[in-house]
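Notes for the one structure printed next.
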Amino acid sequence: MAVHTATPANPPDQQPDPVHVTDRVGSGSDPFDAGRDPMGGRPRPPVGLYLHIPFCVSLCPYCDFVVVTGHAARGPGSRIEAFVGALHAELTLRADALDAIDGIGGPDRTALRSVYLGGGTPSLLTAAQVAGLLDHIADRFGIALDAEVTLEANPGPTERGDIAGFRAAGVTRLSIGAQSMDPAELRRLGRRHDPVDVRAAIAEARAAGIRSVSVDLLMDVPGQTLASWDATLHAVASLEPDHVSTYQLTLDDPDAEGLTTVEGDHLPVRAGARRWRRRAAAEQDQDRAAAMDARADRVLDAVGLARYELSNRARPGHASRHNLAYWRREPVEAVGPGAHAFDGVTRRWNAARLDRYLAALVPPDDGSPSLPPGGTEVIDDPTVRAETAILGLRLADGIDAAFGEDPRLGPGLAWGMAHELVARRADRLVLTPRGRLLSNEVFARLLP
């Protein structure tokens, strides 16, 4: 069984570029092959593992992730140590369950290609805690020698953690939540860092030998202008990251969508955050967002960061392997509150409430741990087809044009082409620049 290592087996210029045509969604004789289960409706072993670390020092008003803040995240009342113990317990239970499945369990299964510590602010963990988790994962799941191991970090000096220690623990990729390089925008977003902290975090990552550095940015945020967005793009480009994500600010309402029940995978939106979102939504402008997206292409393409997905750009060999597994509908295991897993047949999620998560996995009175509450959904064939098309359209290479001949999907794709949101490029269907910003309009018409 492969174990993890701090050094990738291949240098960066020899890593496979996951966006090559051979990885196209639907590039085989049947355009739906990429979305079908090759094991005939049976679960498949995971190619990746996601760990959700829910702690943050403070909550940004736009954030919909499962986040716990304040004393629970820092100080004498911190619950991080207890939570890490719960993560270990869930990892053991999930590995036991996987080992019990005929045909895919046991020590001979393929080692994980990616491990992703997301949040929240995973960099609030100590290097020893990260090392302990990766050792546990390597022992029970296997981590390939050249695996991508990502850790998300806030760039502030008290939140980015021990980057050199994370590298020694086995982290190969750091994802830095910059969001903006404009101090006023950062304050409006509720961020705790300054642009100088982003520069320092990247410098620390390079000095530590982190193989791949990614930077997250937000566009169409309150008070943002084309000029300030340009300045942010140029400032980030000058830091020479390997990967940049440019997300349009979305202001969803998980309460209205029924996602914040006791068994739900989201936490209720706080009253202050709801008021902030109403004000922010009034300031958003679709045409300005389109112009920002186009400027991101020009600035980032010029420094070798090519768009490979709706919101993601990378240098060759640095596209996120973990996220590509989601877009290709590959099986991914997941642990932590609110985390989603997929085994090729069934989608599973953990409930978001930290108290219930801890009560199940670290029960009082030395009781035996049990899997946390949550839910499951078996994916039927029409949904498989729709998801395959939707996720494939997210990628710059698009989907096989034969998807348009499917009786369920064809009308929605034809609607997208009629409204210039989808275009045909040789034997492929791809989103247009306008379609990237209005992709949900297309995707909604593909769902069964």
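Letters A, B, ... mark the chains of the structure tokens in the order given; residue numbers begin at 1 per chain; ligand numbers begin at 1, in order shown.
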What residues in region 193-360 of chain A get the DSSP label alpha helix (DSSP H)? Please answer as a ChimeraX atom specification. /A:195-208,226-238,271-283,286-301,321-327,354-360
If we count only C-alpha atoms, what is near Ile53 (chain A) at a cut-off of 12 Å, once residues fewer than 6 positions away on the same chain are taken out, given as a PyMOL selection string? chain A and resi 65-69+73+79-81+83-84+86-87+116-125+129-130+133+151-153+334-339+352+354
Could you please write out, as a list in words, every residue of region 296-366 of chain A that DSSP assigns to strand (DSSP E)?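 Here is the list: Ala306, Arg307, Tyr308, Glu309, Asn312, Arg313, Ala314, Val332, Glu333, Ala334, Val335, His340, Ala341, Phe342, Thr346, Arg347, Arg348, Trp349 and Asn350 of chain A.
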Show me, as an MDAnalysis selection string, the residues that have an atom within 12 Å of region 168-170 of chain A when counting only C-alpha atoms, minus same-chain residues fewer than 5 positions from it. chainID A and resid 3:8 114:117 125:138 143:151 162:163 205 208:211
Minimum-distance residue to Ala294 (chain A), chosen among A:Leu51, A:Ala235, A:Leu361, A:Met219 (using only C-alpha atoms):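 The shortest atom-to-atom distance to Ala294 (chain A) comes from A:Met219.
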Using only C-alpha atoms, which of A:Ala227, A:Ala418, A:Val244, A:Ala396 sits nearest Gly304 (chain A)? A:Val244
Tell me, in Å to one decimal, how far CA of Gly190 (chain A) is from CA of Pro61 (chain A).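 Interatomic distance here is 6.7 Å.
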At a cut-off of 10 Å, can you tabulate as CSV every residue of region 348-389 of chain A near region 438-445 of chain A together with its closest atom pair and the distance in Å to one decimal, using only C-alpha atoms and ordering rows by chain then number?
residue,atom,partner,partner_atom,distance
A:Ala386,CA,A:Phe443,CA,8.4
A:Glu387,CA,A:Phe443,CA,8.9
A:Ala389,CA,A:Phe443,CA,8.6
Might you pull out every residue within 10 Å of region 430-434 of chain A, with only C-alpha atoms counted and same-chain residues fewer than 5 positions away left off, and present them as a PyMOL selection string? chain A and resi 286-287+290-291+293-294+310+392-401+416-417+419-425+439+442
Restrict the selected residues to C-alpha atoms and save them as an mmCIF file, in the first residue's frame.
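Output contents, as saved in result.cif:
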data_model
loop_
_atom_site.group_PDB
_atom_site.id
_atom_site.type_symbol
_atom_site.label_atom_id
_atom_site.label_comp_id
_atom_site.auth_asym_id
_atom_site.auth_seq_id
_atom_site.Cartn_x
_atom_site.Cartn_y
_atom_site.Cartn_z
ATOM 1 C CA GLN A 286 -23.886 41.470 -14.527
ATOM 2 C CA ASP A 287 -22.232 43.528 -17.265
ATOM 3 C CA ALA A 290 -18.610 39.996 -17.507
ATOM 4 C CA ALA A 291 -16.018 42.715 -18.074
ATOM 5 C CA ASP A 293 -14.075 37.980 -16.212
ATOM 6 C CA ALA A 294 -12.722 39.078 -19.599
ATOM 7 C CA LEU A 310 -15.275 28.108 -15.209
ATOM 8 C CA GLY A 392 -18.177 18.648 -18.458
ATOM 9 C CA LEU A 393 -19.394 22.057 -19.582
ATOM 10 C CA ARG A 394 -17.637 23.587 -16.588
ATOM 11 C CA LEU A 395 -14.323 22.554 -18.159
ATOM 12 C CA ALA A 396 -12.827 24.704 -20.889
ATOM 13 C CA ASP A 397 -12.681 21.685 -23.205
ATOM 14 C CA GLY A 398 -16.427 21.192 -22.922
ATOM 15 C CA ILE A 399 -18.330 18.056 -23.908
ATOM 16 C CA ASP A 400 -18.761 15.861 -26.976
ATOM 17 C CA ALA A 401 -21.213 17.411 -29.431
ATOM 18 C CA GLY A 416 -28.111 27.547 -24.791
ATOM 19 C CA MET A 417 -26.839 27.739 -28.370
ATOM 20 C CA HIS A 419 -29.050 32.347 -26.682
ATOM 21 C CA GLU A 420 -25.293 32.304 -27.414
ATOM 22 C CA LEU A 421 -24.468 30.716 -24.063
ATOM 23 C CA VAL A 422 -23.215 27.480 -25.657
ATOM 24 C CA ALA A 423 -21.174 27.230 -28.857
ATOM 25 C CA ARG A 424 -19.987 24.378 -31.048
ATOM 26 C CA ARG A 425 -16.229 24.151 -31.593
ATOM 27 C CA SER A 439 -23.984 28.917 -16.732
ATOM 28 C CA VAL A 442 -27.993 26.434 -19.034
#
Proximity to Tyr357 (chain A) - best of A:Pro45, A:Gly272, A:Gly85, A:Pro195, only C-alpha atoms: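 For Tyr357 (chain A), the nearest of the candidates is A:Gly85.
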Shell around Arg140 (chain A) at 9 Å using only C-alpha atoms, local window under 6 positions removed, as a list in words: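 Selected residues are Leu91, Thr92, Ala95, Asp96 and Pro107 of chain A.
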Looking at only C-alpha atoms, which of A:Val303, A:Ala289, A:Val198, A:Val213 is the one that sits closest to Val171 (chain A)?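 Closest to Val171 (chain A), using only C-alpha atoms: A:Val213.
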Length of the CA of Cys56 (chain A) to CA of Asn154 (chain A) vector [Å]: 9.2 Å
Would you kindly return, as JSON, numbers by chain, each protein, DNA or RNA residue with an atom no farther than 7 Å from any atom of Ala314 (chain A), considering only C-alpha atoms and excluding same-chain residues fewer than 3 positions away? {"A": [242, 243, 244, 305, 306, 307, 318, 319]}
